[in-house]
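Asks: Input file: data_33.txt. Contents: compact mmCIF, C-alpha atoms.
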# COMPACT_ATOMS: atom_id res chain seq x y z
CA MET A 24 0.00 0.00 0.00
CA LEU A 25 2.77 2.37 0.93
CA ALA A 26 4.73 1.44 -2.14
CA LEU A 27 1.75 2.22 -4.37
CA ALA A 28 1.28 5.62 -2.78
CA ARG A 29 4.95 6.45 -3.21
CA HIS A 30 4.78 5.39 -6.84
CA THR A 31 1.95 7.84 -7.45
CA VAL A 32 3.88 10.64 -5.82
CA LEU A 33 6.87 9.89 -7.98
CA GLN A 34 4.74 10.00 -11.07
CA LYS A 35 3.38 13.40 -10.08
CA LEU A 36 6.89 14.61 -9.43
CA SER A 37 8.17 13.45 -12.75
CA LEU A 38 5.27 15.20 -14.50
CA SER A 39 5.83 18.50 -12.75
CA ALA A 40 9.53 18.17 -13.36
CA ALA A 41 8.98 18.18 -17.10
CA PRO A 42 10.09 21.45 -18.65
CA ALA A 43 6.67 23.03 -19.21
CA GLY A 44 8.18 25.91 -21.12
CA SER A 45 9.54 23.74 -23.89
CA ILE A 46 6.14 22.17 -24.49
CA ALA A 47 4.51 25.55 -24.87
CA VAL A 48 7.15 26.70 -27.32
CA ARG A 49 6.75 23.57 -29.37
CA SER A 50 3.01 23.98 -29.61
CA ILE A 51 3.42 27.57 -30.79
CA THR A 52 5.85 26.65 -33.53
CA ALA A 53 3.61 23.74 -34.51
CA ARG A 54 0.69 26.11 -34.96
CA VAL A 55 2.41 28.24 -37.59
CA PRO A 56 3.90 25.82 -40.08
CA THR A 57 5.52 27.26 -43.13
CA HIS A 58 6.29 25.54 -46.39
CA GLU A 59 10.03 25.85 -45.77
CA ASP A 60 9.82 23.85 -42.55
CA ASP A 61 8.74 20.76 -44.41
CA THR A 62 11.12 18.58 -46.26
CA HIS A 63 8.69 16.39 -48.13
CA ASP A 64 5.55 17.15 -50.15
CA ASP A 65 3.57 14.74 -48.01
CA PHE A 66 4.19 16.87 -44.94
CA LYS A 67 3.47 20.23 -46.46
CA PRO A 68 0.22 21.82 -45.35
CA LYS A 69 -2.45 21.52 -47.94
CA PHE A 70 -4.75 24.52 -47.65
CA ASN A 71 -7.69 24.98 -49.95
CA THR A 72 -6.69 28.60 -50.43
CA ASP A 73 -3.40 27.50 -51.93
CA ALA A 74 -5.08 25.26 -54.46
CA GLU A 75 -5.44 26.57 -57.95
CA PRO A 76 -9.06 27.58 -58.56
CA ARG A 77 -10.73 25.07 -60.84
CA SER A 78 -11.04 26.37 -64.34
CA ALA A 79 -14.50 27.17 -65.66
CA PRO A 80 -14.56 24.39 -68.30
CA SER A 81 -13.99 21.66 -65.71
CA VAL A 82 -16.91 22.90 -63.61
CA ALA A 83 -19.08 23.01 -66.72
CA GLU A 84 -17.92 19.51 -67.62
CA GLN A 85 -18.83 18.25 -64.18
CA ILE A 86 -22.29 19.78 -64.47
CA GLN A 87 -22.69 18.24 -67.93
CA ASN A 88 -21.80 14.84 -66.49
CA ASP A 89 -24.16 15.23 -63.53
CA VAL A 90 -27.18 16.12 -65.59
CA GLN A 91 -26.51 13.61 -68.34
CA GLN A 92 -25.95 10.68 -66.02
CA HIS A 93 -29.08 11.36 -63.97
CA PRO A 94 -32.52 11.70 -65.60
CA VAL A 95 -33.44 13.98 -62.70
CA PHE A 96 -30.77 16.08 -61.04
CA LEU A 97 -30.98 18.79 -58.42
CA TYR A 98 -28.43 21.41 -57.38
CA MET A 99 -29.45 22.34 -53.87
CA LYS A 100 -28.37 23.69 -50.50
CA GLY A 101 -27.86 20.76 -48.15
CA VAL A 102 -28.95 17.20 -48.91
CA PRO A 103 -32.45 15.78 -49.52
CA GLU A 104 -32.55 14.34 -45.99
CA ALA A 105 -31.57 17.72 -44.52
CA PRO A 106 -32.02 20.65 -46.91
CA GLN A 107 -30.48 23.89 -45.65
CA CYS A 108 -32.88 26.24 -47.40
CA GLY A 109 -36.66 26.36 -47.67
CA PHE A 110 -36.61 26.50 -51.46
CA SER A 111 -34.31 23.50 -51.75
CA ASN A 112 -36.55 21.68 -49.30
CA MET A 113 -39.60 22.47 -51.42
CA ALA A 114 -37.91 21.10 -54.55
CA CYS A 115 -36.97 17.84 -52.78
CA ARG A 116 -40.42 17.32 -51.31
CA ILE A 117 -42.09 17.85 -54.69
CA LEU A 118 -39.81 15.29 -56.34
CA ASP A 119 -40.35 12.92 -53.39
CA ALA A 120 -44.11 13.24 -53.79
CA TYR A 121 -43.75 11.74 -57.28
CA GLY A 122 -41.49 9.01 -55.96
CA ALA A 123 -38.83 10.24 -58.37
CA SER A 124 -35.26 9.15 -57.80
CA TYR A 125 -32.88 12.00 -58.36
CA GLY A 126 -29.24 12.87 -57.98
CA THR A 127 -28.22 15.95 -56.03
CA ARG A 128 -25.20 18.09 -55.42
CA ASN A 129 -24.84 20.25 -52.35
CA VAL A 130 -23.66 23.67 -53.54
CA LEU A 131 -22.80 24.70 -49.98
CA ALA A 132 -20.07 22.07 -49.99
CA ASP A 133 -18.51 23.27 -53.25
CA VAL A 134 -18.12 26.96 -53.96
CA ASP A 135 -16.96 26.31 -57.55
CA ILE A 136 -20.18 24.47 -58.33
CA ARG A 137 -22.24 27.05 -56.46
CA GLU A 138 -21.01 29.85 -58.72
CA GLY A 139 -20.47 27.60 -61.73
CA ILE A 140 -24.06 26.40 -61.89
CA LYS A 141 -25.38 29.98 -61.88
CA GLU A 142 -23.06 30.77 -64.78
CA PHE A 143 -23.95 27.53 -66.59
CA THR A 144 -27.69 28.15 -66.60
CA LYS A 145 -27.59 31.95 -66.36
CA TRP A 146 -29.95 31.48 -63.46
CA PRO A 147 -29.26 33.47 -60.30
CA THR A 148 -30.68 31.25 -57.58
CA ILE A 149 -30.45 27.78 -56.02
CA PRO A 150 -32.07 25.21 -56.23
CA GLN A 151 -31.86 24.34 -59.91
CA ILE A 152 -33.60 21.32 -61.38
CA PHE A 153 -32.57 19.38 -64.48
CA ILE A 154 -34.78 16.74 -66.10
CA ASN A 155 -33.51 14.70 -69.04
CA GLY A 156 -30.34 16.76 -69.06
CA GLU A 157 -32.32 19.95 -69.58
CA PHE A 158 -32.58 22.87 -67.21
CA VAL A 159 -36.16 23.10 -65.98
CA GLY A 160 -35.94 25.97 -63.51
CA GLY A 161 -36.01 26.73 -59.79
CA SER A 162 -38.39 25.68 -57.04
CA ASP A 163 -41.17 28.10 -58.07
CA ILE A 164 -41.17 26.63 -61.56
CA LEU A 165 -41.17 23.08 -60.21
CA MET A 166 -44.14 23.98 -58.00
CA GLY A 167 -45.88 25.64 -60.95
CA MET A 168 -45.38 22.56 -63.13
CA HIS A 169 -46.62 20.35 -60.31
CA GLN A 170 -49.77 22.43 -59.99
CA SER A 171 -50.39 22.62 -63.73
CA GLY A 172 -49.83 18.86 -64.20
CA GLU A 173 -46.81 19.31 -66.49
CA LEU A 174 -44.39 17.64 -64.10
CA GLN A 175 -45.80 14.10 -64.19
CA PRO A 176 -45.35 13.51 -67.95
CA LEU A 177 -41.88 15.02 -67.82
CA LEU A 178 -40.84 12.71 -64.96
CA ASP A 179 -42.46 9.73 -66.71
CA GLU A 180 -40.37 10.52 -69.76
CA ALA A 181 -37.24 10.72 -67.61
CA VAL A 182 -37.93 7.28 -66.11
CA THR A 183 -38.65 5.78 -69.54
CA THR A 184 -35.46 7.24 -70.95
CA LYS A 185 -33.49 5.78 -68.08
CA SER A 186 -34.95 2.27 -68.36
CA ALA A 187 -34.47 2.31 -72.14
CA GLN A 188 -30.75 2.88 -71.71
CA MET B 3 -30.66 48.07 -49.62
CA THR B 4 -33.38 47.11 -52.06
CA SER B 5 -36.95 48.04 -51.18
CA ALA B 6 -40.19 46.50 -52.39
CA ALA B 7 -40.91 49.81 -54.13
CA ASP B 8 -37.60 49.58 -56.07
CA VAL B 9 -38.43 46.08 -57.22
CA GLU B 10 -41.95 47.06 -58.22
CA GLN B 11 -40.72 50.10 -60.17
CA LYS B 12 -38.11 48.03 -62.03
CA LEU B 13 -40.65 45.40 -63.03
CA ARG B 14 -43.16 48.03 -64.20
CA ASP B 15 -40.49 49.83 -66.25
CA LYS B 16 -38.64 46.90 -67.78
CA LEU B 17 -41.50 44.47 -68.36
CA LYS B 18 -44.17 47.10 -68.98
CA ALA B 19 -46.03 45.21 -66.29
CA ALA B 20 -49.70 46.04 -65.97
CA ASP B 21 -49.93 44.68 -62.47
CA VAL B 22 -47.15 44.08 -59.98
CA THR B 23 -47.36 42.89 -56.40
CA VAL B 24 -44.14 42.84 -54.39
CA ILE B 25 -44.01 41.62 -50.83
CA ASP B 26 -40.86 42.10 -48.77
CA THR B 27 -40.46 38.75 -47.02
CA SER B 28 -37.01 39.55 -45.63
CA GLY B 29 -38.19 40.89 -42.31
CA GLY B 30 -36.45 44.20 -42.96
CA CYS B 31 -33.09 43.53 -44.59
CA GLY B 32 -34.39 43.73 -48.16
CA ALA B 33 -32.87 40.48 -49.34
CA SER B 34 -36.01 38.43 -49.85
CA PHE B 35 -39.07 39.20 -51.96
CA ASP B 36 -42.21 37.56 -53.15
CA VAL B 37 -43.40 38.89 -56.50
CA ALA B 38 -46.40 38.51 -58.78
CA VAL B 39 -46.25 40.11 -62.21
CA VAL B 40 -48.81 40.54 -64.98
CA SER B 41 -47.37 41.66 -68.31
CA ASP B 42 -48.33 41.18 -71.93
CA GLN B 43 -44.63 40.65 -72.67
CA PHE B 44 -45.16 37.15 -71.23
CA GLU B 45 -47.37 36.31 -74.18
CA GLY B 46 -46.20 33.11 -75.90
CA LYS B 47 -43.34 32.63 -73.45
CA ARG B 48 -42.68 29.48 -71.44
CA LEU B 49 -42.66 29.65 -67.64
CA LEU B 50 -38.87 29.34 -67.63
CA ASP B 51 -38.50 32.26 -70.03
CA ARG B 52 -40.92 34.36 -68.02
CA HIS B 53 -38.86 33.78 -64.89
CA ARG B 54 -35.72 34.64 -66.83
CA MET B 55 -37.30 37.93 -67.94
CA ILE B 56 -38.00 38.81 -64.31
CA ASN B 57 -34.50 37.78 -63.24
CA THR B 58 -33.00 39.89 -66.01
CA ALA B 59 -35.15 42.91 -65.18
CA LEU B 60 -33.92 42.67 -61.60
CA GLU B 61 -30.30 41.87 -62.51
CA GLU B 62 -28.92 44.79 -60.52
CA GLU B 63 -31.12 44.10 -57.50
CA MET B 64 -30.42 40.35 -57.59
CA LYS B 65 -26.87 41.05 -56.45
CA SER B 66 -28.24 41.94 -53.02
CA ILE B 67 -31.41 39.84 -53.10
CA HIS B 68 -30.90 36.41 -51.60
CA ALA B 69 -34.29 34.89 -52.29
CA LEU B 70 -36.77 35.86 -54.96
CA SER B 71 -39.98 33.90 -55.01
CA ILE B 72 -41.91 34.38 -58.23
CA ARG B 73 -45.45 33.50 -57.25
CA GLN B 74 -47.17 34.44 -60.49
CA CYS B 75 -46.10 35.60 -63.92
CA TRP B 76 -49.21 35.89 -66.01
CA THR B 77 -50.33 37.54 -69.18
CA PRO B 78 -53.32 39.90 -68.75
CA GLU B 79 -55.53 37.19 -70.31
CA GLN B 80 -54.37 34.60 -67.80
CA GLN B 81 -55.05 37.00 -64.97
CA LYS B 82 -58.60 37.58 -66.24
CA ALA B 83 -59.19 33.85 -66.59
CA LYS B 84 -57.90 33.05 -63.13
CA GLN B 85 -59.50 35.89 -61.25
CA PRO B 86 -63.00 36.34 -62.65
CA SER B 87 -64.37 39.45 -61.04
Can the structure from this file be put into C-alpha cells for me?
Replies:
Amino acid sequence: MLALARHTVLQKLSLSAAPAGSIAVRSITARVPTHEDDTHDDFKPKFNTDAEPRSAPSVAEQIQNDVQQHPVFLYMKGVPEAPQCGFSNMACRILDAYGASYGTRNVLADVDIREGIKEFTKWPTIPQIFINGEFVGGSDILMGMHQSGELQPLLDEAVTTKSAQ
Amino acid sequence: MTSAADVEQKLRDKLKAADVTVIDTSGGCGASFDVAVVSDQFEGKRLLDRHRMINTALEEEMKSIHALSIRQCWTPEQQKAKQPS
C-alpha cells in the first residue's frame, strides 16, 4: 500500500519536473507551419486557399456529367434528408411526392459548383432542377409545373429514358 | 438596400407590367421578396423564359437579393381567366 502511494507521488513529481516551457514553445511553432519547414511534399500543409481555382470548363464539364448521367438532377443547399434552405426543401419534397429518384449536389459544400451552376444556366438562384439533361428551372417553376400537371409527364419521360438505356 | 418599391418600379419599367405585387419577405433587410407580375410581354413565353425575364429585369437588385420567389407571372388574359371578377 505504501509502495503504491509512493509510486503515485513519484509519477506526479516526474510530471511536474517536465520542462513546461519547452512544451509551450513547441506547440506555438507547430501552430504556424511554413512551407520551408517541411522537407517532403507529403508533410506540407495543404490549404484549400493554396489550391489553384478550378477552371470554368472543368466545372461546366462536371455539371454536364451530372445532368446527363441522372434523368433527374438537383443542385441544392444541403442534402435531400436535410435541406439547408426552404426553397431546396420544397424542390426535394415535390420530387419525393412523385417518388422520383434523383441525384443531387450540395452547392454549400462546393463553392466552384455554387457559382459555376449559376453561370452555366444563367440562373441566379439555387435550387436548380434538371430533367432529361435539360434545365427546368427553380423551385417556383417546379411547384408551378406540379400544380399545372406538367411535371408528371416530364418525370415519366425521364424514367422511360433511363430504363431504355 | 433594395426596397419593395424599387423592385416594383423596375418590373413596371422593364417588363411594362400592368400589375405588380411585391411583398418584402425579408423581415427588414431587403434580401427576400415575393413577386407577382402581370405583363403582356409574357405572351407566348414558357414559364422558364418568363422567370428569366424577371431575373434579367432585376439583374442589378439580384446582387443583393438572396431569395426571390416568383409567385405568379401571367399575361393579362391569364389573370382575367384566373380571377373572374
Asks: So that I can see what lies close to Leu177 in chain A, please list as a ChimeraX atom specification the residues with an atom at most 10 Å from it, counting all atoms listed in the file and leaving out residues fewer than 5 positions away in the same chain.
Replies: /A:95,154-155,168,172,182-183
Asks: At most 9 Å is the cut-off: for each residue in chain A with any atom that close to an atom of chain B, write down the nearest atom pair and the distance in Å rounded to one decimal, counting all atoms listed in the file, chain first then increasing number, as CSV.
Replies:
residue,atom,partner,partner_atom,distance
A:Phe110,CA,B:Ala69,CA,8.7
A:Lys145,CA,B:Arg54,CA,8.6
A:Trp146,CA,B:Arg54,CA,7.4
A:Pro147,CA,B:Asn57,CA,7.4
A:Thr148,CA,B:Ala69,CA,7.4
A:Ile149,CA,B:Ala69,CA,8.9
A:Val159,CA,B:Leu50,CA,7.0
A:Gly160,CA,B:Leu50,CA,6.1
A:Gly161,CA,B:Leu50,CA,8.7
A:Ser162,CA,B:Ser71,CA,8.6
A:Asp163,CA,B:Ile72,CA,6.3
A:Ile164,CA,B:Leu49,CA,7.0
A:Gly167,CA,B:Leu49,CA,8.4
A:Met168,CA,B:Leu49,CA,8.8
Asks: Have a look at CA of Gln81 in chain B and CA of Asp21 in chain B and let me know their distance in Å, one decimal.
Replies: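 Distance between the two atoms: 9.6 Å.
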Asks: What is the CA of Gln92 in chain A-CA of Phe158 in chain A distance in Å, reported with one decimal?
Replies: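 So the two atoms, CA of Gln92 in chain A and CA of Phe158 in chain A, lie 13.9 Å apart.
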Asks: Considering only C-alpha atoms, state which residue in the set B:Ala59, B:Cys31, B:Val37, B:Met3 is at the smallest distance from Lys18 in chain B.
Replies: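 Among the listed residues, B:Ala59 lies closest to Lys18 in chain B.
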Asks: What is the CA of Met55 in chain B to CA of Pro103 in chain A distance in Å?
Replies: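 CA of Pro103 in chain A lies at a distance of 29.2 Å from CA of Met55 in chain B.
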Asks: Dump as number ranges by chain all residues having an atom at most 12 Å from (-39.2, 19.3, -51.1), computed in the file's coordinates with only C-alpha atoms.
Replies: A: 97, 99-123, 150, 152, 161-163, 165-166, 169
Asks: Around all of range 44-52 of chain B's listed atoms, make the axis-aligned box with 6 Å on each side and tell me centre and edge lengths in Å to one decimal, as JSON.
Replies:
{"center_x": -42.9, "center_y": 33.2, "center_z": -71.8, "size_x": 20.9, "size_y": 19.8, "size_z": 20.3}
